[in-house]
Amino acid sequence: MKNGFNALWKEEDWWAVWIGFAIIIAALMQWVPAVPKIGKWTDDPMTAFQVIKDGVVLSEIWIPLIILMLALATLTSIAIAIMKSEKLGKYFLGFIAIFILATVSYWIANQMNIKYWGLSYAMWALLVGLLISNTIGTPDWLRTGAKTELFIKIGLVLMGAEILFKKILSLGIPGLMVAWIVTPIVVIFMYIFAVKYLKMKNKALAIIIAAATSVCGVSAAIAAAAACCAKKEDLTLAVGMTLIFTVLMMFFMPLAIQFVGMNDILGAAWMGGTIDSTGAVVAAGSMLGPDAEKVAAVVKMIQNVLIGVMAFFIAIYWVTKVDCEPDHKPNLMEIWYRFPKFVLGFVGASLLFSFVVVPAMQGDFKIVESTVINPITKTLRGWFFCLAFASIGLESNFKDLAGRMEGGKPMVLYVVGQSFNLVLTLLVAWLAFMVIFPNAV
Amino acid sequence: MRFKDRNKKQADYKSAIQQRWLKFIFGLIILTGMICFFSSGYAPPGNFGQVLRHNQEYNIDASPFFFGDVENMSEYEEGVKQMRKKADEANRIEKTNYLEVQ
């Protein structure tokens, strides 16, 4: 066990916090320029690499992209060098190759028709990685650059900056009821169902699926997987399932709501509380009208805010109940040593922005959003997640994935859990928006 | 005999590598096929494609998995704020009218 002050520069978790906060501080101080991102495109694939304003090409992003690649490689190399976890040259080379794969994945995902289907870069990065690892095999030098956990944890610390606690009151008590009462109940129900009734041996997979189903799909799956130190294959399975079901729910829920003639606001709250990803919620909500679109998106946003709280409790539960010897009650120091420290960075960034940064700007989140979050931390968070998914794909193989299916139990868990989620969310949304606060919006 | 074994091993190695590359090319074709299909703008006919056609018509990006990635999230928040304000106002007027009638 690495303990004491050594852990501060020897553990990946702490490095995620240092790198994440270094980026956040640099962004707040305006020391870094806007981070390049792959643009949206429809017919001409090259427009993805151009900065276009009002139909005029202002510049190309090739050089900024190369600078970004070298900057991220250097930044993460510092951690690798001090932790002495890999040979630096090999890591650098591997990172560059993975960055290129991530760029390709982003480029595919940013085609507009693909975006309409709700297929995110996470899926394409996974597929590109899986294609290599399951055919020609991932060479050692490429595997060396695949620092999945480090990428995920840095991405999560950066994500903390986007989660403001103030947002939970955006829709008043009814919104809070739908998003914050149902969600923990569904997580607990699904976990107990998986462990006690389905007898799933892989508890990490069970909690990842539970988090993805009830909180916010891919992002919750990433946070839960990192909090319980799950295997990469578990995250791949949970993300795969959530991506498929999200598209299906986006297609069918608005149709079902229209078919039964449900109230639009009730339908919107129902979809906001149940469809896994925010983009799909917006698309499905939009089918019911502009007001429903807004309510659905805001309910989902309130639910998204739970992600940090959820990661914190999963980490505590894992350290004290799951990942320890039976009949052994760990003391506080033991809990602290084994607690995934990046969660502190994640929650810390959220607290910093909620109670220091935004209030310092007279409570105007839009200024923070346009100067710090959108151009820097959010874009970098996307890059780190994309790098992580490409890395996961490169390190996963179909045989291991099939072995983790335990005769289809994860699929049963998802279907039963999502069905329970649908029923409970509808009931609570009906109570909140139709019975207790009928004139809330 | 040893020479024969070595040749056989070399042939097996070559064929294994060839098989891996064949698998890769096959996988690449499938992936390219998927990309072509989803990027073609095709929407299934009937009810199944209704949401997709709606997304195409109104240019709705359904891919963000986190609320921070939704481009007009602040507009949605502002919109809900206005909706709540209107609802509060309507409730207040209704309450005043009720009290006046009483």
# chains A, B, ... in the order shown; residues from 1 in each chain; ligands from 1
$ interface_residues --of "chain B" --to "chain A" --cutoff "9 Å" --atoms "only C-alpha atoms" --output "MDAnalysis selection string"
chainID B and resid 17 19:25 27:28 31 35 37:42 47:56 59:70 73:88 90:91
$ write_last_selection --atoms "C-alpha atoms" --output "mmCIF file, in the first residue's frame"
data_model
loop_
_atom_site.group_PDB
_atom_site.id
_atom_site.type_symbol
_atom_site.label_atom_id
_atom_site.label_comp_id
_atom_site.auth_asym_id
_atom_site.auth_seq_id
_atom_site.Cartn_x
_atom_site.Cartn_y
_atom_site.Cartn_z
ATOM 1 C CA ILE B 17 -0.743 -13.086 -39.660
ATOM 2 C CA GLN B 19 -5.741 -14.356 -41.075
ATOM 3 C CA ARG B 20 -5.442 -11.466 -38.616
ATOM 4 C CA TRP B 21 -5.157 -8.934 -41.430
ATOM 5 C CA LEU B 22 -8.058 -10.545 -43.260
ATOM 6 C CA LYS B 23 -10.131 -10.218 -40.084
ATOM 7 C CA PHE B 24 -9.052 -6.586 -39.798
ATOM 8 C CA ILE B 25 -10.046 -5.817 -43.386
ATOM 9 C CA GLY B 27 -13.963 -5.582 -39.644
ATOM 10 C CA LEU B 28 -12.971 -2.361 -41.375
ATOM 11 C CA LEU B 31 -17.287 -0.414 -39.690
ATOM 12 C CA ILE B 35 -20.569 4.734 -40.998
ATOM 13 C CA PHE B 37 -25.404 3.727 -43.390
ATOM 14 C CA PHE B 38 -25.742 6.100 -40.444
ATOM 15 C CA SER B 39 -24.274 9.090 -42.286
ATOM 16 C CA SER B 40 -26.445 8.607 -45.372
ATOM 17 C CA GLY B 41 -29.390 10.496 -43.915
ATOM 18 C CA TYR B 42 -31.634 7.438 -44.176
ATOM 19 C CA ASN B 47 -43.382 5.427 -36.863
ATOM 20 C CA PHE B 48 -39.933 4.012 -36.199
ATOM 21 C CA GLY B 49 -38.254 6.800 -38.146
ATOM 22 C CA GLN B 50 -40.462 9.609 -36.841
ATOM 23 C CA VAL B 51 -38.003 10.884 -34.210
ATOM 24 C CA LEU B 52 -35.118 10.662 -36.651
ATOM 25 C CA ARG B 53 -36.975 12.665 -39.310
ATOM 26 C CA HIS B 54 -37.875 15.219 -36.637
ATOM 27 C CA ASN B 55 -34.188 15.483 -35.632
ATOM 28 C CA GLN B 56 -33.213 15.986 -39.283
ATOM 29 C CA ASN B 59 -31.359 19.911 -36.718
ATOM 30 C CA ILE B 60 -31.423 18.307 -33.251
ATOM 31 C CA ASP B 61 -28.170 16.784 -32.066
ATOM 32 C CA ALA B 62 -29.185 13.658 -30.148
ATOM 33 C CA SER B 63 -25.654 12.466 -29.398
ATOM 34 C CA PRO B 64 -24.512 14.347 -26.242
ATOM 35 C CA PHE B 65 -24.458 12.040 -23.258
ATOM 36 C CA PHE B 66 -23.930 14.749 -20.632
ATOM 37 C CA PHE B 67 -25.986 17.914 -20.150
ATOM 38 C CA GLY B 68 -22.857 20.062 -20.501
ATOM 39 C CA ASP B 69 -22.510 18.884 -24.106
ATOM 40 C CA VAL B 70 -25.975 20.087 -25.143
ATOM 41 C CA MET B 73 -28.763 24.014 -22.369
ATOM 42 C CA SER B 74 -28.746 27.569 -20.958
ATOM 43 C CA GLU B 75 -31.686 28.413 -23.242
ATOM 44 C CA TYR B 76 -33.605 25.440 -21.860
ATOM 45 C CA GLU B 77 -32.854 26.559 -18.310
ATOM 46 C CA GLU B 78 -33.930 30.109 -19.114
ATOM 47 C CA GLY B 79 -37.063 28.776 -20.853
ATOM 48 C CA VAL B 80 -38.064 26.719 -17.816
ATOM 49 C CA LYS B 81 -37.445 29.740 -15.569
ATOM 50 C CA GLN B 82 -39.843 31.784 -17.722
ATOM 51 C CA MET B 83 -42.406 28.960 -17.700
ATOM 52 C CA ARG B 84 -42.266 28.819 -13.898
ATOM 53 C CA LYS B 85 -42.608 32.604 -13.662
ATOM 54 C CA LYS B 86 -45.689 32.540 -15.906
ATOM 55 C CA ALA B 87 -47.187 29.674 -13.920
ATOM 56 C CA ASP B 88 -46.571 31.544 -10.642
ATOM 57 C CA ALA B 90 -51.219 32.675 -13.278
ATOM 58 C CA ASN B 91 -51.519 31.008 -9.860
#
$ atom_distance --atom1 "CA of Pro36 in chain A" --atom2 "CA of Thr103 in chain A"
11.1 Å
$ residues_around --residues "Ile207 in chain A" --least-positions-apart "6" --cutoff "8 Å" --atoms "only C-alpha atoms" --output "JSON, numbers by chain"
{"A": [187, 190, 191, 224]}
$ atom_distance --atom1 "CA of Ser391 in chain A" --atom2 "CA of Ala204 in chain A"
19.5 Å
$ residues_around --residues "Ala22 in chain A" --least-positions-apart "6" --cutoff "10 Å" --atoms "only C-alpha atoms" --output "PyMOL selection string"
chain A and resi 16+28+75
$ select_by_dssp --residues "chain B" --states "alpha helix (DSSP H)" --output "PyMOL selection string"
chain B and resi 2-39+50-58+73-101
$ write_last_selection --atoms "C-alpha atoms" --output "mmCIF file, in the first residue's frame"
data_model
loop_
_atom_site.group_PDB
_atom_site.id
_atom_site.type_symbol
_atom_site.label_atom_id
_atom_site.label_comp_id
_atom_site.auth_asym_id
_atom_site.auth_seq_id
_atom_site.Cartn_x
_atom_site.Cartn_y
_atom_site.Cartn_z
ATOM 1 C CA ARG B 2 14.169 -30.069 -37.976
ATOM 2 C CA PHE B 3 14.295 -28.109 -41.233
ATOM 3 C CA LYS B 4 10.821 -29.319 -42.134
ATOM 4 C CA ASP B 5 9.466 -28.260 -38.717
ATOM 5 C CA ARG B 6 10.955 -24.820 -39.076
ATOM 6 C CA ASN B 7 9.348 -24.388 -42.483
ATOM 7 C CA LYS B 8 6.004 -25.546 -41.124
ATOM 8 C CA LYS B 9 6.248 -23.130 -38.191
ATOM 9 C CA GLN B 10 7.078 -20.276 -40.551
ATOM 10 C CA ALA B 11 4.131 -21.156 -42.797
ATOM 11 C CA ASP B 12 1.770 -21.333 -39.782
ATOM 12 C CA TYR B 13 3.019 -17.960 -38.545
ATOM 13 C CA LYS B 14 2.523 -16.406 -41.956
ATOM 14 C CA SER B 15 -0.977 -17.804 -42.283
ATOM 15 C CA ALA B 16 -1.885 -16.594 -38.761
ATOM 16 C CA ILE B 17 -0.743 -13.086 -39.660
ATOM 17 C CA GLN B 18 -2.628 -13.232 -42.935
ATOM 18 C CA GLN B 19 -5.741 -14.356 -41.075
ATOM 19 C CA ARG B 20 -5.442 -11.466 -38.616
ATOM 20 C CA TRP B 21 -5.157 -8.934 -41.430
ATOM 21 C CA LEU B 22 -8.058 -10.545 -43.260
ATOM 22 C CA LYS B 23 -10.131 -10.218 -40.084
ATOM 23 C CA PHE B 24 -9.052 -6.586 -39.798
ATOM 24 C CA ILE B 25 -10.046 -5.817 -43.386
ATOM 25 C CA PHE B 26 -13.378 -7.582 -42.854
ATOM 26 C CA GLY B 27 -13.963 -5.582 -39.644
ATOM 27 C CA LEU B 28 -12.971 -2.361 -41.375
ATOM 28 C CA ILE B 29 -15.485 -3.057 -44.144
ATOM 29 C CA ILE B 30 -18.238 -3.599 -41.569
ATOM 30 C CA LEU B 31 -17.287 -0.414 -39.690
ATOM 31 C CA THR B 32 -17.184 1.562 -42.950
ATOM 32 C CA GLY B 33 -20.570 0.091 -43.875
ATOM 33 C CA MET B 34 -21.993 1.237 -40.530
ATOM 34 C CA ILE B 35 -20.569 4.734 -40.998
ATOM 35 C CA CYS B 36 -21.990 4.933 -44.544
ATOM 36 C CA PHE B 37 -25.404 3.727 -43.390
ATOM 37 C CA PHE B 38 -25.742 6.100 -40.444
ATOM 38 C CA SER B 39 -24.274 9.090 -42.286
ATOM 39 C CA GLN B 50 -40.462 9.609 -36.841
ATOM 40 C CA VAL B 51 -38.003 10.884 -34.210
ATOM 41 C CA LEU B 52 -35.118 10.662 -36.651
ATOM 42 C CA ARG B 53 -36.975 12.665 -39.310
ATOM 43 C CA HIS B 54 -37.875 15.219 -36.637
ATOM 44 C CA ASN B 55 -34.188 15.483 -35.632
ATOM 45 C CA GLN B 56 -33.213 15.986 -39.283
ATOM 46 C CA GLU B 57 -35.888 18.605 -39.860
ATOM 47 C CA TYR B 58 -35.088 20.663 -36.750
ATOM 48 C CA MET B 73 -28.763 24.014 -22.369
ATOM 49 C CA SER B 74 -28.746 27.569 -20.958
ATOM 50 C CA GLU B 75 -31.686 28.413 -23.242
ATOM 51 C CA TYR B 76 -33.605 25.440 -21.860
ATOM 52 C CA GLU B 77 -32.854 26.559 -18.310
ATOM 53 C CA GLU B 78 -33.930 30.109 -19.114
ATOM 54 C CA GLY B 79 -37.063 28.776 -20.853
ATOM 55 C CA VAL B 80 -38.064 26.719 -17.816
ATOM 56 C CA LYS B 81 -37.445 29.740 -15.569
ATOM 57 C CA GLN B 82 -39.843 31.784 -17.722
ATOM 58 C CA MET B 83 -42.406 28.960 -17.700
ATOM 59 C CA ARG B 84 -42.266 28.819 -13.898
ATOM 60 C CA LYS B 85 -42.608 32.604 -13.662
ATOM 61 C CA LYS B 86 -45.689 32.540 -15.906
ATOM 62 C CA ALA B 87 -47.187 29.674 -13.920
ATOM 63 C CA ASP B 88 -46.571 31.544 -10.642
ATOM 64 C CA GLU B 89 -48.198 34.663 -12.073
ATOM 65 C CA ALA B 90 -51.219 32.675 -13.278
ATOM 66 C CA ASN B 91 -51.519 31.008 -9.860
ATOM 67 C CA ARG B 92 -51.369 34.383 -8.138
ATOM 68 C CA ILE B 93 -54.104 35.874 -10.365
ATOM 69 C CA GLU B 94 -56.273 32.811 -9.875
ATOM 70 C CA LYS B 95 -55.855 33.045 -6.111
ATOM 71 C CA THR B 96 -56.696 36.770 -6.099
ATOM 72 C CA ASN B 97 -59.821 36.197 -8.215
ATOM 73 C CA TYR B 98 -60.898 33.373 -5.928
ATOM 74 C CA LEU B 99 -60.467 35.552 -2.836
ATOM 75 C CA GLU B 100 -62.407 38.405 -4.516
ATOM 76 C CA VAL B 101 -65.292 36.069 -5.353
#
$ residues_around --residues "Leu126 in chain A" --least-positions-apart "5" --cutoff "7 Å" --atoms "only C-alpha atoms" --output "list in words"
Phe389, Ala390, Ile392 and Gly393 of chain A
$ select_by_dssp --residues "range 55-283 of chain A" --states "strand (DSSP E or B)" --output "list in words"
Val56, Val57, Leu58, Ser59, Glu60 and Gln111 of chain A
$ residues_around --residues "range 192-194 of chain A" --least-positions-apart "3" --cutoff "9 Å" --atoms "only C-alpha atoms" --output "JSON, numbers by chain"
{"A": [187, 188, 189, 197, 198, 199, 200, 201, 203, 206, 207, 409, 410, 413, 416, 417]}
$ atom_distance --atom1 "CA of Lys399 in chain A" --atom2 "CA of Leu101 in chain A"
22.8 Å
$ decode --residues "range 384-402 of chain A" --atoms "N, CA and C atoms" --output "PDB file, in the first residue's frame"
ATOM      1  N   PHE A 384     -10.347  13.808 -23.218  1.00  0.00           N
ATOM      2  CA  PHE A 384      -9.872  12.752 -22.302  1.00  0.00           C
ATOM      3  C   PHE A 384     -10.809  11.546 -22.327  1.00  0.00           C
ATOM      4  N   PHE A 385     -12.126  11.792 -22.372  1.00  0.00           N
ATOM      5  CA  PHE A 385     -13.059  10.661 -22.435  1.00  0.00           C
ATOM      6  C   PHE A 385     -12.901   9.899 -23.747  1.00  0.00           C
ATOM      7  N   CYS A 386     -12.703  10.640 -24.834  1.00  0.00           N
ATOM      8  CA  CYS A 386     -12.555   9.987 -26.136  1.00  0.00           C
ATOM      9  C   CYS A 386     -11.275   9.129 -26.142  1.00  0.00           C
ATOM     10  N   LEU A 387     -10.199   9.682 -25.569  1.00  0.00           N
ATOM     11  CA  LEU A 387      -8.943   8.915 -25.449  1.00  0.00           C
ATOM     12  C   LEU A 387      -9.190   7.660 -24.609  1.00  0.00           C
ATOM     13  N   ALA A 388      -9.980   7.826 -23.535  1.00  0.00           N
ATOM     14  CA  ALA A 388     -10.248   6.691 -22.644  1.00  0.00           C
ATOM     15  C   ALA A 388     -11.024   5.602 -23.376  1.00  0.00           C
ATOM     16  N   PHE A 389     -12.039   5.993 -24.150  1.00  0.00           N
ATOM     17  CA  PHE A 389     -12.839   4.976 -24.841  1.00  0.00           C
ATOM     18  C   PHE A 389     -12.040   4.269 -25.931  1.00  0.00           C
ATOM     19  N   ALA A 390     -11.194   5.009 -26.628  1.00  0.00           N
ATOM     20  CA  ALA A 390     -10.335   4.359 -27.624  1.00  0.00           C
ATOM     21  C   ALA A 390      -9.400   3.364 -26.917  1.00  0.00           C
ATOM     22  N   SER A 391      -8.878   3.763 -25.753  1.00  0.00           N
ATOM     23  CA  SER A 391      -7.981   2.896 -24.979  1.00  0.00           C
ATOM     24  C   SER A 391      -8.714   1.643 -24.496  1.00  0.00           C
ATOM     25  N   ILE A 392      -9.962   1.840 -24.018  1.00  0.00           N
ATOM     26  CA  ILE A 392     -10.735   0.685 -23.534  1.00  0.00           C
ATOM     27  C   ILE A 392     -10.927  -0.317 -24.684  1.00  0.00           C
ATOM     28  N   GLY A 393     -11.285   0.215 -25.852  1.00  0.00           N
ATOM     29  CA  GLY A 393     -11.459  -0.654 -27.018  1.00  0.00           C
ATOM     30  C   GLY A 393     -10.179  -1.418 -27.334  1.00  0.00           C
ATOM     31  N   LEU A 394      -9.057  -0.724 -27.246  1.00  0.00           N
ATOM     32  CA  LEU A 394      -7.768  -1.357 -27.566  1.00  0.00           C
ATOM     33  C   LEU A 394      -7.386  -2.439 -26.561  1.00  0.00           C
ATOM     34  N   GLU A 395      -7.947  -2.343 -25.358  1.00  0.00           N
ATOM     35  CA  GLU A 395      -7.574  -3.311 -24.319  1.00  0.00           C
ATOM     36  C   GLU A 395      -8.650  -4.378 -24.087  1.00  0.00           C
ATOM     37  N   SER A 396      -9.757  -4.311 -24.823  1.00  0.00           N
ATOM     38  CA  SER A 396     -10.829  -5.290 -24.604  1.00  0.00           C
ATOM     39  C   SER A 396     -10.838  -6.304 -25.730  1.00  0.00           C
ATOM     40  N   ASN A 397     -11.260  -7.513 -25.401  1.00  0.00           N
ATOM     41  CA  ASN A 397     -11.498  -8.454 -26.503  1.00  0.00           C
ATOM     42  C   ASN A 397     -12.825  -9.170 -26.310  1.00  0.00           C
ATOM     43  N   PHE A 398     -13.376  -9.597 -27.431  1.00  0.00           N
ATOM     44  CA  PHE A 398     -14.737 -10.141 -27.411  1.00  0.00           C
ATOM     45  C   PHE A 398     -14.868 -11.375 -26.513  1.00  0.00           C
ATOM     46  N   LYS A 399     -13.782 -12.169 -26.418  1.00  0.00           N
ATOM     47  CA  LYS A 399     -13.857 -13.377 -25.575  1.00  0.00           C
ATOM     48  C   LYS A 399     -14.096 -12.989 -24.121  1.00  0.00           C
ATOM     49  N   ASP A 400     -13.338 -11.985 -23.637  1.00  0.00           N
ATOM     50  CA  ASP A 400     -13.504 -11.525 -22.250  1.00  0.00           C
ATOM     51  C   ASP A 400     -14.895 -10.938 -22.045  1.00  0.00           C
ATOM     52  N   LEU A 401     -15.349 -10.191 -23.059  1.00  0.00           N
ATOM     53  CA  LEU A 401     -16.675  -9.564 -22.946  1.00  0.00           C
ATOM     54  C   LEU A 401     -17.753 -10.641 -22.836  1.00  0.00           C
ATOM     55  N   ALA A 402     -17.623 -11.682 -23.686  1.00  0.00           N
ATOM     56  CA  ALA A 402     -18.611 -12.768 -23.661  1.00  0.00           C
ATOM     57  C   ALA A 402     -18.572 -13.468 -22.306  1.00  0.00           C
TER      58      ALA A 402
END
